[in-house]
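Structure file my_file.cif with mmCIF, C-alpha atoms:
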data_coords
loop_
_atom_site.label_atom_id
_atom_site.label_comp_id
_atom_site.auth_asym_id
_atom_site.auth_seq_id
_atom_site.Cartn_x
_atom_site.Cartn_y
_atom_site.Cartn_z
CA MET M 2 73.54 124.83 69.25
CA LYS M 3 75.15 128.08 70.21
CA LEU M 4 77.97 128.71 72.67
CA ILE M 5 77.43 131.71 74.93
CA VAL M 6 80.11 133.07 77.23
CA ASP M 7 78.96 135.87 79.47
CA LYS M 8 81.37 138.03 81.53
CA LEU M 9 83.71 135.14 82.18
CA SER M 10 86.58 135.59 84.62
CA VAL M 11 89.11 132.93 85.48
CA LEU M 12 91.63 133.16 88.28
CA ARG M 13 94.81 131.13 88.39
CA ASP M 14 96.70 131.34 91.64
CA SER M 15 94.65 134.45 92.58
CA ARG M 16 95.79 136.20 89.39
CA ALA M 17 93.14 137.09 86.84
CA VAL M 18 94.03 135.38 83.56
CA LEU M 19 90.72 136.13 81.92
CA ALA M 20 88.57 139.04 83.02
CA ASP M 21 85.06 139.99 81.89
CA LEU M 22 85.21 138.05 78.65
CA SER M 23 82.00 137.82 76.64
CA PHE M 24 81.45 136.26 73.22
CA THR M 25 79.18 133.90 71.37
CA VAL M 26 79.91 131.22 68.78
CA GLU M 27 77.10 130.53 66.31
CA PRO M 28 76.45 127.01 65.05
CA GLY M 29 78.51 126.22 61.98
CA SER M 30 81.17 128.83 62.74
CA SER M 31 84.65 128.76 64.15
CA LEU M 32 86.40 131.07 66.57
CA LEU M 33 90.15 131.45 66.52
CA LEU M 34 91.81 132.54 69.74
CA VAL M 35 94.95 134.52 69.03
CA GLY M 36 97.30 136.48 71.24
CA PRO M 37 100.79 136.40 72.67
CA ASN M 38 102.04 133.56 74.87
CA GLY M 39 100.44 133.70 78.29
CA ALA M 40 97.36 135.55 77.03
CA GLY M 41 95.07 132.86 78.41
CA LYS M 42 94.17 130.89 75.27
CA THR M 43 94.69 127.50 76.86
CA THR M 44 93.04 128.68 80.08
CA LEU M 45 89.95 129.68 78.09
CA LEU M 46 89.82 126.33 76.28
CA ARG M 47 90.22 124.38 79.52
CA THR M 48 87.49 126.45 81.14
CA LEU M 49 85.19 125.75 78.20
CA ALA M 50 85.95 122.02 78.58
CA GLY M 51 84.95 122.19 82.23
CA LEU M 52 88.46 121.38 83.45
CA LEU M 53 88.92 124.77 85.11
CA PRO M 54 86.27 126.50 87.21
CA ALA M 55 85.11 129.97 86.23
CA SER M 56 85.51 132.40 89.10
CA ALA M 57 82.77 134.68 87.73
CA GLY M 58 80.42 134.75 84.77
CA ARG M 59 78.57 132.01 82.92
CA LEU M 60 79.14 129.82 79.92
CA TRP M 61 76.68 127.43 78.36
CA LEU M 62 75.57 125.78 75.13
CA GLN M 63 72.17 127.05 74.10
CA GLY M 64 70.07 124.17 72.83
CA GLY M 65 72.07 121.52 74.67
CA ARG M 66 70.35 119.11 77.02
CA SER M 67 70.58 120.66 80.45
CA GLU M 68 71.70 117.50 82.22
CA GLN M 69 74.81 117.29 80.06
CA SER M 70 77.80 119.30 81.19
CA LEU M 71 79.85 121.30 78.71
CA GLY M 72 82.61 118.73 79.15
CA GLU M 73 80.36 115.94 77.87
CA LEU M 74 79.44 117.96 74.78
CA CYS M 75 82.96 118.84 73.71
CA HIS M 76 86.04 117.28 72.20
CA TYR M 77 89.11 118.66 73.94
CA VAL M 78 92.34 118.25 71.99
CA GLY M 79 94.96 119.93 74.16
CA HIS M 80 98.73 120.33 73.93
CA LEU M 81 99.10 116.74 75.06
CA ASN M 82 97.86 114.06 72.72
CA ALA M 83 96.35 111.58 75.22
CA ILE M 84 98.05 108.66 73.49
CA LYS M 85 99.31 105.54 75.24
CA SER M 86 102.66 104.69 73.75
CA THR M 87 102.45 100.95 74.56
CA LEU M 88 99.17 100.56 72.68
CA THR M 89 99.01 100.39 68.90
CA VAL M 90 97.53 103.23 66.87
CA GLU M 91 94.33 101.25 66.36
CA GLU M 92 94.02 100.28 70.05
CA ASN M 93 94.41 103.93 71.05
CA ALA M 94 91.71 105.05 68.63
CA ARG M 95 89.37 102.19 69.52
CA PHE M 96 89.68 102.89 73.22
CA TRP M 97 88.69 106.55 72.83
CA GLN M 98 85.87 105.66 70.47
CA ARG M 99 84.36 103.26 73.01
CA TYR M 100 85.14 105.40 76.05
CA LEU M 101 83.58 108.49 74.50
CA GLY M 102 80.61 106.39 73.44
CA GLY M 103 81.06 107.18 69.78
CA ALA M 104 79.75 105.44 66.71
CA GLY M 105 82.40 106.70 64.30
CA SER M 106 84.40 104.16 62.32
CA VAL M 107 87.96 103.79 63.62
CA ASP M 108 89.28 102.76 60.20
CA ALA M 109 87.68 105.72 58.48
CA ALA M 110 88.95 108.18 61.08
CA LEU M 111 92.51 106.85 60.83
CA ALA M 112 92.37 106.86 57.03
CA ARG M 113 91.11 110.43 57.03
CA PHE M 114 94.29 111.53 58.80
CA GLY M 115 96.60 109.30 56.77
CA LEU M 116 97.25 106.74 59.51
CA ALA M 117 95.62 103.73 57.83
CA GLY M 118 98.98 102.08 57.08
CA LEU M 119 100.23 102.52 60.65
CA LYS M 120 97.32 100.83 62.45
CA ASP M 121 99.29 97.99 63.98
CA ILE M 122 102.44 99.74 65.14
CA PRO M 123 102.83 100.91 68.75
CA ALA M 124 102.13 104.61 69.14
CA ALA M 125 105.59 105.07 70.69
CA TYR M 126 107.08 104.86 67.19
CA LEU M 127 104.96 107.68 65.77
CA SER M 128 106.52 111.03 64.94
CA ALA M 129 105.26 114.21 66.63
CA GLY M 130 103.08 115.04 63.62
CA GLN M 131 101.65 111.52 63.43
CA LYS M 132 100.76 111.60 67.14
CA ARG M 133 99.00 114.91 66.54
CA ARG M 134 97.02 113.31 63.71
CA LEU M 135 96.02 110.43 65.97
CA ALA M 136 94.83 112.90 68.63
CA LEU M 137 92.83 114.81 66.01
CA ALA M 138 91.28 111.55 64.76
CA ARG M 139 89.31 111.55 68.05
CA LEU M 140 87.15 114.30 66.54
CA LEU M 141 85.71 111.75 64.11
CA LEU M 142 85.31 108.86 66.56
CA ALA M 143 82.47 110.33 68.60
CA ARG M 144 79.89 112.88 67.60
CA ARG M 145 80.13 115.97 69.78
CA PRO M 146 78.98 119.47 68.85
CA LEU M 147 81.76 121.59 70.37
CA TRP M 148 85.39 121.12 69.35
CA LEU M 149 88.06 122.76 71.48
CA LEU M 150 91.45 122.60 69.78
CA ASP M 151 94.69 123.87 71.28
CA GLU M 152 97.26 124.56 68.56
CA PRO M 153 95.68 121.90 66.33
CA ALA M 154 98.08 122.49 63.44
CA ALA M 155 101.27 122.26 65.51
CA ALA M 156 103.68 119.72 63.97
CA LEU M 157 101.24 118.93 61.13
CA ASP M 158 102.56 118.75 57.58
CA HIS M 159 100.81 120.28 54.56
CA ASP M 160 98.65 117.23 53.81
CA ALA M 161 97.57 116.80 57.42
CA GLN M 162 96.64 120.47 57.66
CA ALA M 163 94.50 120.06 54.56
CA ALA M 164 92.88 116.97 56.13
CA LEU M 165 92.20 118.92 59.33
CA THR M 166 90.65 121.77 57.36
CA ALA M 167 88.43 119.29 55.51
CA VAL M 168 87.35 117.62 58.77
CA VAL M 169 86.62 120.98 60.41
CA THR M 170 84.71 122.17 57.34
CA ALA M 171 82.55 119.03 57.43
CA GLY M 172 82.01 119.41 61.18
CA LEU M 173 80.94 123.02 60.78
CA ALA M 174 78.62 122.10 57.92
CA ALA M 175 76.94 119.61 60.28
CA GLY M 176 76.20 122.45 62.69
CA GLY M 177 79.21 122.04 64.93
CA LEU M 178 81.18 124.76 66.70
CA VAL M 179 84.94 125.03 66.75
CA VAL M 180 87.08 127.09 69.12
CA ALA M 181 90.79 126.89 68.38
CA ALA M 182 93.84 128.55 69.86
CA THR M 183 96.41 129.22 67.18
CA HIS M 184 99.42 131.26 66.18
CA GLN M 185 99.07 130.63 62.46
CA PRO M 186 96.20 131.34 60.08
CA LEU M 187 94.13 128.19 59.60
CA GLY M 188 91.90 129.23 56.71
CA TRP M 189 88.70 127.68 58.02
CA PRO M 190 85.20 128.67 56.86
CA ASN M 191 83.10 131.15 58.88
CA GLU M 192 86.02 132.04 61.02
CA ARG M 193 86.11 134.87 63.50
CA THR M 194 89.07 135.93 65.57
CA LEU M 195 89.18 136.77 69.24
CA ARG M 196 92.35 138.52 70.34
CA LEU M 197 93.31 137.89 73.95
CA GLN M 198 95.74 140.11 75.82
CA PRO M 199 97.70 139.09 78.90
CA ALA M 200 95.83 140.37 81.92
CA THR M 201 98.12 142.12 84.36
CA ARG M 202 95.50 143.09 86.89
CA ASP M 203 96.10 141.59 90.32
CA LEU M 204 93.13 140.79 92.49
CA MET F 17 78.68 101.06 81.90
CA SER F 18 80.56 100.19 78.72
CA ALA F 19 82.89 103.16 79.14
CA PHE F 20 83.70 101.88 82.64
CA SER F 21 84.50 98.36 81.52
CA GLU F 22 86.45 99.74 78.56
CA LEU F 23 88.62 101.80 80.93
CA VAL F 24 89.27 98.80 83.19
CA ARG F 25 90.09 96.66 80.17
CA ARG F 26 92.51 99.23 78.78
CA ASP F 27 94.37 99.57 82.10
CA VAL F 28 94.65 95.80 82.54
CA TRP F 29 95.85 95.45 78.95
CA ILE F 30 98.48 98.22 79.38
CA ALA F 31 99.69 96.67 82.65
CA TRP F 32 99.97 93.31 80.90
CA LYS F 33 101.85 94.76 77.93
CA GLU F 34 104.22 96.87 80.01
CA GLY F 35 104.74 94.23 82.66
CA GLY F 36 107.33 96.28 84.52
CA THR F 37 105.15 97.59 87.35
CA LEU F 38 103.84 94.16 88.20
CA GLY F 39 107.31 92.64 87.98
CA VAL F 40 108.66 95.21 90.43
CA ALA F 41 105.79 94.64 92.89
CA LEU F 42 106.14 90.85 92.74
CA GLY F 43 109.92 91.01 93.03
CA PHE F 44 109.77 93.38 95.97
CA TYR F 45 107.24 91.16 97.74
CA LEU F 46 109.47 88.14 97.21
CA VAL F 47 112.62 89.91 98.41
CA VAL F 48 111.07 91.34 101.60
CA VAL F 49 109.54 88.01 102.58
CA VAL F 50 112.69 86.04 101.82
CA LEU F 51 115.00 88.46 103.66
CA LEU F 52 113.05 88.44 106.91
CA PRO F 53 113.57 84.78 107.93
CA LEU F 54 117.24 85.18 107.06
CA ALA F 55 117.46 88.14 109.41
CA LEU F 56 115.51 86.44 112.20
CA GLY F 57 117.51 83.24 112.30
CA PRO F 58 116.36 79.62 112.26
CA ASP F 59 113.63 79.82 114.89
CA LEU F 60 110.84 78.05 113.00
CA ASN F 61 108.19 78.62 115.64
CA LEU F 62 108.84 82.35 115.76
CA ILE F 63 108.77 82.64 111.98
CA ALA F 64 105.54 80.64 111.74
CA ARG F 65 103.96 82.90 114.34
CA ILE F 66 104.82 86.15 112.56
CA ALA F 67 104.25 84.80 109.03
CA PRO F 68 100.77 86.35 108.56
CA ALA F 69 102.05 89.74 109.73
CA VAL F 70 105.07 89.57 107.42
CA LEU F 71 102.93 88.62 104.42
CA TRP F 72 100.48 91.45 105.08
CA VAL F 73 103.08 94.17 105.71
CA ALA F 74 105.12 93.11 102.68
CA PHE F 75 101.90 93.18 100.63
CA LEU F 76 101.15 96.76 101.68
CA LEU F 77 104.67 97.93 100.87
CA SER F 78 104.62 96.22 97.46
CA ALA F 79 101.23 97.70 96.63
CA LEU F 80 102.48 101.18 97.57
CA LEU F 81 105.19 100.91 94.92
CA SER F 82 102.68 100.77 92.10
CA LEU F 83 99.99 103.02 93.62
CA GLY F 84 102.11 106.11 92.98
CA ARG F 85 101.75 105.61 89.22
CA LEU F 86 97.97 105.08 89.32
CA PHE F 87 97.06 108.46 87.78
CA GLU F 88 100.51 109.79 86.93
CA ALA F 89 100.80 108.27 83.45
CA ASP F 90 97.33 109.46 82.43
CA PHE F 91 98.08 112.91 83.84
CA GLU F 92 101.38 113.24 82.01
CA ASP F 93 100.17 112.22 78.56
CA GLY F 94 96.96 114.27 78.71
CA SER F 95 94.63 111.25 78.90
CA LEU F 96 93.20 112.45 82.19
CA ASP F 97 91.87 115.62 80.52
CA VAL F 98 90.02 113.57 77.93
CA LEU F 99 88.86 111.01 80.53
CA ALA F 100 87.40 113.94 82.48
CA THR F 101 85.40 115.13 79.45
CA GLY F 102 83.86 111.70 78.89
CA THR F 103 80.34 110.71 79.80
CA LEU F 104 81.69 108.82 82.80
CA PRO F 105 81.87 110.88 86.01
CA LEU F 106 85.36 111.30 87.41
CA GLU F 107 84.32 109.23 90.45
CA ALA F 108 83.69 106.28 88.16
CA VAL F 109 87.02 106.87 86.39
CA VAL F 110 88.73 106.64 89.79
CA ALA F 111 86.81 103.47 90.67
CA GLY F 112 87.71 101.91 87.33
CA LYS F 113 91.39 102.66 87.70
CA ALA F 114 91.43 101.40 91.31
CA LEU F 115 89.69 98.20 90.21
CA ALA F 116 92.25 97.74 87.43
CA HIS F 117 95.04 98.25 89.98
CA TRP F 118 93.50 95.58 92.20
CA LEU F 119 93.23 93.16 89.28
CA THR F 120 96.76 93.76 88.02
CA THR F 121 98.69 94.16 91.29
CA ALA F 122 96.74 92.78 94.26
CA LEU F 123 95.53 89.56 92.59
CA PRO F 124 99.02 88.41 91.45
CA LEU F 125 100.45 89.26 94.89
CA ILE F 126 97.67 87.26 96.56
CA ALA F 127 98.41 84.36 94.23
CA LEU F 128 102.05 84.50 95.29
CA ALA F 129 101.26 84.73 99.03
CA PRO F 130 100.70 80.98 99.73
CA LEU F 131 104.00 80.18 98.03
CA LEU F 132 105.77 82.67 100.28
CA GLY F 133 103.85 81.25 103.24
CA LEU F 134 105.69 78.01 102.55
CA LEU F 135 108.99 79.85 102.96
CA LEU F 136 107.75 81.23 106.30
CA ASN F 137 106.72 77.86 107.72
CA LEU F 138 103.06 78.93 107.73
CA ARG F 139 100.76 76.19 109.04
CA PRO F 140 99.11 74.29 106.16
CA ASP F 141 95.61 74.97 107.47
CA ALA F 142 96.33 78.72 107.31
CA TYR F 143 96.66 78.98 103.53
CA GLY F 144 92.95 79.13 102.83
CA VAL F 145 92.37 81.74 105.52
CA LEU F 146 95.34 83.79 104.32
CA VAL F 147 94.03 83.97 100.75
CA ALA F 148 90.46 84.63 101.94
CA THR F 149 91.46 87.52 104.20
CA MET F 150 93.64 89.02 101.50
CA LEU F 151 90.85 88.80 98.93
CA ALA F 152 88.49 90.48 101.40
CA GLY F 153 90.89 93.14 102.64
CA THR F 154 92.99 94.25 99.67
CA PRO F 155 90.29 96.15 97.73
CA ALA F 156 90.62 98.74 100.51
CA VAL F 157 94.31 99.08 99.67
CA SER F 158 93.68 99.83 95.99
CA PHE F 159 90.75 102.18 96.61
CA LEU F 160 92.24 104.10 99.56
CA GLY F 161 95.47 104.16 97.57
CA ALA F 162 93.66 106.04 94.82
CA ILE F 163 93.19 108.97 97.22
CA GLY F 164 96.93 109.18 97.86
CA ALA F 165 97.70 108.77 94.16
CA ALA F 166 95.28 111.57 93.26
CA LEU F 167 96.72 113.92 95.87
CA THR F 168 100.29 113.40 94.69
CA VAL F 169 99.69 113.26 90.93
CA ARG F 170 101.58 116.52 90.32
CA THR F 171 104.26 115.86 92.92
CA ARG F 172 107.63 114.86 91.54
CA ARG F 173 108.93 111.82 93.38
CA GLY F 174 105.67 111.53 95.28
CA GLY F 175 106.46 107.96 96.27
CA LEU F 176 107.56 108.75 99.80
CA LEU F 177 104.78 111.22 100.35
CA ILE F 178 102.20 108.68 99.23
CA GLY F 179 103.54 106.22 101.81
CA LEU F 180 103.21 108.75 104.60
CA LEU F 181 99.69 109.63 103.49
CA LEU F 182 98.47 106.10 103.03
CA LEU F 183 100.07 103.85 105.62
CA PRO F 184 97.89 105.25 108.46
CA LEU F 185 94.80 104.59 106.32
CA PHE F 186 95.85 100.96 105.91
CA VAL F 187 96.00 100.31 109.67
CA PRO F 188 92.44 98.91 110.06
CA THR F 189 92.92 96.55 107.11
CA LEU F 190 96.24 95.38 108.51
CA ILE F 191 94.93 94.80 112.05
CA PHE F 192 91.76 92.97 111.07
CA GLY F 193 93.54 90.96 108.37
CA ILE F 194 96.17 89.60 110.75
CA GLU F 195 93.66 89.24 113.58
CA ALA F 196 91.37 87.13 111.38
CA ILE F 197 94.17 84.74 110.45
CA GLY F 198 95.27 84.45 114.10
CA ALA F 199 91.71 83.77 115.24
CA ALA F 200 91.15 81.13 112.59
CA LEU F 201 94.34 79.32 113.57
CA SER F 202 93.49 79.27 117.28
CA ASP F 203 89.86 78.34 116.58
CA ALA F 204 88.72 81.48 118.37
CA ASP F 205 85.21 82.80 117.80
CA SER F 206 86.55 86.20 116.85
CA PHE F 207 87.34 85.08 113.28
CA ALA F 208 83.90 86.01 111.96
CA ALA F 209 84.00 89.41 113.64
CA SER F 210 87.47 90.26 112.29
CA PHE F 211 86.69 88.95 108.83
CA LEU F 212 83.45 90.91 108.59
CA LEU F 213 85.16 94.08 109.77
CA LEU F 214 87.85 93.54 107.15
CA LEU F 215 85.15 93.23 104.52
CA ALA F 216 83.40 96.31 105.89
CA VAL F 217 86.58 98.40 105.61
CA SER F 218 86.93 97.31 101.96
CA LEU F 219 83.32 98.08 101.13
CA ALA F 220 83.51 101.47 102.83
CA ALA F 221 86.71 102.29 100.94
CA MET F 222 85.07 101.34 97.64
CA VAL F 223 82.24 103.79 98.34
CA LEU F 224 84.07 106.65 100.03
CA ALA F 225 87.42 106.72 98.21
CA PRO F 226 86.20 107.47 94.64
CA PRO F 227 84.52 110.80 95.54
CA ALA F 228 87.51 111.84 97.65
CA ALA F 229 90.04 110.93 94.95
CA ALA F 230 87.89 112.53 92.23
CA GLY F 231 87.79 115.76 94.24
CA ALA F 232 91.56 115.70 94.56
CA LEU F 233 91.95 115.04 90.82
CA ARG F 234 89.64 117.90 89.86
CA PHE F 235 91.81 120.19 91.94
CA GLN F 236 95.01 118.80 90.40
CA LEU F 237 93.74 119.23 86.84
CA GLN F 238 93.35 122.99 87.33
#
What is this file in structure tokens?
Amino acid sequence: MKLIVDKLSVLRDSRAVLADLSFTVEPGSSLLLVGPNGAGKTTLLRTLAGLLPASAGRLWLQGGRSEQSLGELCHYVGHLNAIKSTLTVEENARFWQRYLGGAGSVDAALARFGLAGLKDIPAAYLSAGQKRRLALARLLLARRPLWLLDEPAAALDHDAQAALTAVVTAGLAAGGLVVAATHQPLGWPNERTLRLQPATRDL
Amino acid sequence: MSAFSELVRRDVWIAWKEGGTLGVALGFYLVVVVLLPLALGPDLNLIARIAPAVLWVAFLLSALLSLGRLFEADFEDGSLDVLATGTLPLEAVVAGKALAHWLTTALPLIALAPLLGLLLNLRPDAYGVLVATMLAGTPAVSFLGAIGAALTVRTRRGGLLIGLLLLPLFVPTLIFGIEAIGAALSDADSFAASFLLLLAVSLAAMVLAPPAAAGALRFQLQ
């Protein structure tokens, strides 16, 4: 599968955040979105996830089944971790696995991100980095070709970053696509960089 | 279908674990219904006559308290973004959350209603009708409430706003609910008509509210 973005423009509050953006992401490769704050990295990721409408241009996954929307084909791990603090770590993971219709093992996904020993504690007691790991564990719970990660390494320690790199490497090797917004080098295989600049043009 | 039932199960489980929202709704219901006879004085006939109306109005106010939080928690912790990228359409997400609200808020309030009817000198033969009309009419409250909750999901302190938006929508349910109880007690023929209309409002809300609320949520997620 191949992600194609063709002359994409996105307006927010009648201000152009992204204008005439075109790029492709080949299967098995990753694209890093870099740029100053307010350059539109999150806006681009949310548009790719189908959460924001494109005001002009097209984006699609070549080779995807046409009845599936881009949102159904992607994992979106945004700034917010989508964790319920009253539920335990395992309950959180199991809910997303079942909701997303995945076949991935919950235990294996938690172990991969070093959360195996914390399964039964409420997510409210997790540290910022541990919550981030739990959010990233979603990537392994359901099989989806396109991963959209917003600052995936924020709050992660050295071991967790290594685990993330290993998970991404395996995902890319299986033909997946990764688009990540980042401020720090991530050192992933087949990585390309797209530099976004804040658009100042008013429409 | 499994994603739908999983969502309902999660929401019921969270409501059970947190407990607070339900406690507030039940407590508010109890307080409103207990205060009213105290304010009206010891006229038992008057209280018995207005009992169905008091129970219904207090129910609507109690339900409003928890409706404001229907989507707010999922919006604030980012869950709504991930729910929107699932295989389930957003309309079904709305329906699932409204159903969970009905199960966790409306059902306990309905269970409490006969007990409060006792405090209001409600006629013994009215208990069955009261519970039946509430079971038939309250799904409309949860589903129409989802529209208000979706519209105010980004509004700080949207509680008051949600009341203004929703109370007019609850008028048909309120009128037919009280009318059905009154008709049943006076053995009038209009019970069937009122009850069926009550049911019709609920069924229409279950069909029409999810697309409306999903449209509002899509806009709010932008």
List every residue of range 151-189 of chain M that has an atom at most 8 Å from any atom of range 60-84 of chain M, giving for each one its closest atom pair and the distance in Å to one decimal, counting only C-alpha atoms, sorted by chain and then by ascending residue number, as a Markdown table.
| residue | atom | partner | partner_atom | distance |
| --- | --- | --- | --- | --- |
| M:Asp151 | CA | M:Gly79 | CA | 4.9 |
| M:Glu152 | CA | M:His80 | CA | 7.0 |
| M:Pro153 | CA | M:Val78 | CA | 7.5 |
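Between CA of Ala174 in chain M and CA of Val26 in chain M lies a distance of 14.2 Å.
Here the PyMOL selection byres ((chain M and resi 87) around 7) matches the residues Lys85, Ser86, Leu88, Thr89, Pro123, Ala124 and Ala125 of chain M; Ile30 of chain F.
Between CA of Thr171 in chain F and CA of Pro188 in chain F the interatomic distance comes to 26.8 Å.
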Residues near range 90-103 of chain M, anyone? I mean within 9 Å using only C-alpha atoms, not counting same-chain ones fewer than 6 positions away, as a PyMOL selection string.
(chain M and resi 73+83-84+110-111+116-117+119-124+127+132+135-136+138-139+141-145) or (chain F and resi 18-23+26+98-99+101-104)
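Closest to Ala109 in chain M among M:Pro146, M:Asn191, M:Ala57, M:Val168 is M:Val168, based on only C-alpha atoms.
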As a list in words, please: the residues near Gly84 in chain F (cut-off 6 Å, all atoms listed in the file, same-chain neighbours under 2 positions excluded).
Ser82, Leu86, Ala165 and Gly175 of chain F
Given the PyMOL selection byres ((chain F and resi 198) around 10) and the file above, list the residues it selects as a PyMOL selection string.
chain F and resi 65-66+68-69+142+145-146+192-197+199-204+206-207+210
Quick one: which residues end up in the PyMOL selection byres ((chain M and resi 40) around 12) for this structure, as an mmCIF file with C-alpha atoms, in the coordinates of the input?
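Result saved to part-v4.cif:
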data_model
loop_
_atom_site.group_PDB
_atom_site.id
_atom_site.type_symbol
_atom_site.label_atom_id
_atom_site.label_comp_id
_atom_site.auth_asym_id
_atom_site.auth_seq_id
_atom_site.Cartn_x
_atom_site.Cartn_y
_atom_site.Cartn_z
ATOM 1 C CA ALA M 17 93.140 137.090 86.840
ATOM 2 C CA VAL M 18 94.030 135.380 83.560
ATOM 3 C CA LEU M 19 90.720 136.130 81.920
ATOM 4 C CA ALA M 20 88.570 139.040 83.020
ATOM 5 C CA LEU M 34 91.810 132.540 69.740
ATOM 6 C CA VAL M 35 94.950 134.520 69.030
ATOM 7 C CA GLY M 36 97.300 136.480 71.240
ATOM 8 C CA PRO M 37 100.790 136.400 72.670
ATOM 9 C CA ASN M 38 102.040 133.560 74.870
ATOM 10 C CA GLY M 39 100.440 133.700 78.290
ATOM 11 C CA GLY M 41 95.070 132.860 78.410
ATOM 12 C CA LYS M 42 94.170 130.890 75.270
ATOM 13 C CA THR M 43 94.690 127.500 76.860
ATOM 14 C CA THR M 44 93.040 128.680 80.080
ATOM 15 C CA LEU M 45 89.950 129.680 78.090
ATOM 16 C CA LEU M 46 89.820 126.330 76.280
ATOM 17 C CA ALA M 182 93.840 128.550 69.860
ATOM 18 C CA THR M 183 96.410 129.220 67.180
ATOM 19 C CA HIS M 184 99.420 131.260 66.180
ATOM 20 C CA LEU M 195 89.180 136.770 69.240
ATOM 21 C CA ARG M 196 92.350 138.520 70.340
ATOM 22 C CA LEU M 197 93.310 137.890 73.950
ATOM 23 C CA GLN M 198 95.740 140.110 75.820
ATOM 24 C CA PRO M 199 97.700 139.090 78.900
ATOM 25 C CA ALA M 200 95.830 140.370 81.920
ATOM 26 C CA THR M 201 98.120 142.120 84.360
#
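Every residue within 10 Å of the file position (98.6, 112.6, 86.6), judged by all atoms listed in the file, is given as Gly84, Arg85, Leu86, Phe87, Glu88, Ala89, Asp90, Phe91, Glu92, Asp93, Gly94, Ser95, Leu96, Asp97, Ala165, Ala166, Leu167, Thr168, Val169, Arg170, Thr171, Leu233, Gln236 and Leu237 of chain F.
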Output C-alpha atoms for every residue in that selection, as an mmCIF file, keeping the file's coordinate frame.
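So result.cif came out as:
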data_model
loop_
_atom_site.group_PDB
_atom_site.id
_atom_site.type_symbol
_atom_site.label_atom_id
_atom_site.label_comp_id
_atom_site.auth_asym_id
_atom_site.auth_seq_id
_atom_site.Cartn_x
_atom_site.Cartn_y
_atom_site.Cartn_z
ATOM 1 C CA GLY F 84 102.110 106.110 92.980
ATOM 2 C CA ARG F 85 101.750 105.610 89.220
ATOM 3 C CA LEU F 86 97.970 105.080 89.320
ATOM 4 C CA PHE F 87 97.060 108.460 87.780
ATOM 5 C CA GLU F 88 100.510 109.790 86.930
ATOM 6 C CA ALA F 89 100.800 108.270 83.450
ATOM 7 C CA ASP F 90 97.330 109.460 82.430
ATOM 8 C CA PHE F 91 98.080 112.910 83.840
ATOM 9 C CA GLU F 92 101.380 113.240 82.010
ATOM 10 C CA ASP F 93 100.170 112.220 78.560
ATOM 11 C CA GLY F 94 96.960 114.270 78.710
ATOM 12 C CA SER F 95 94.630 111.250 78.900
ATOM 13 C CA LEU F 96 93.200 112.450 82.190
ATOM 14 C CA ASP F 97 91.870 115.620 80.520
ATOM 15 C CA ALA F 165 97.700 108.770 94.160
ATOM 16 C CA ALA F 166 95.280 111.570 93.260
ATOM 17 C CA LEU F 167 96.720 113.920 95.870
ATOM 18 C CA THR F 168 100.290 113.400 94.690
ATOM 19 C CA VAL F 169 99.690 113.260 90.930
ATOM 20 C CA ARG F 170 101.580 116.520 90.320
ATOM 21 C CA THR F 171 104.260 115.860 92.920
ATOM 22 C CA LEU F 233 91.950 115.040 90.820
ATOM 23 C CA GLN F 236 95.010 118.800 90.400
ATOM 24 C CA LEU F 237 93.740 119.230 86.840
#
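Counting from CA of Gly36 in chain F, the distance to CA of Leu134 in chain F is 25.7 Å.
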Residue nearest chain M - candidates F:Ala220, F:Leu62, F:Val109, F:Leu46, atoms counted: all atoms listed in the file
F:Val109
Env of Ala167 in chain M: 12 Å cut, atoms = only C-alpha atoms, seq-sep filter 3 positions within chain, self excluded. Answer as a ChimeraX atom specification.
/M:113-114,141,160-164,170-174,187-190
Using all atoms listed in the file, can you tell me which of M:Arg133, M:Arg47, M:His159, M:Arg193 comes closest to chain F?
M:Arg47
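When only C-alpha atoms are used to compute distances to Gly112 in chain F, the closest of the residues F:Ala55, F:Ala162, F:Leu185, F:Leu212 turns out to be F:Ala162.
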For Val147 in chain F, which residue among F:Ile191, F:Val50, F:Phe211, F:Phe159 is the nearest when counting only C-alpha atoms?
F:Phe211
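Distances to chain F were evaluated for M:Arg13, M:Arg134, M:Lys8, M:Lys3 using only C-alpha atoms, and the minimum falls at M:Arg13.
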If we count all atoms listed in the file, what is near Leu224 in chain F at a cut-off of 12 Å, once residues fewer than 4 positions away on the same chain are taken out, given as JSON, numbers by chain?
{"F": [107, 108, 110, 111, 156, 159, 160, 161, 162, 163, 216, 217, 218, 219, 220, 228, 229, 230, 231]}
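Look at Tyr143 in chain F: the protein and nucleic acid residues within 8 Å of it, using only C-alpha atoms and passing over chain neighbours fewer than 5 places away, are Pro130, Gly133 and Leu138 of chain F.
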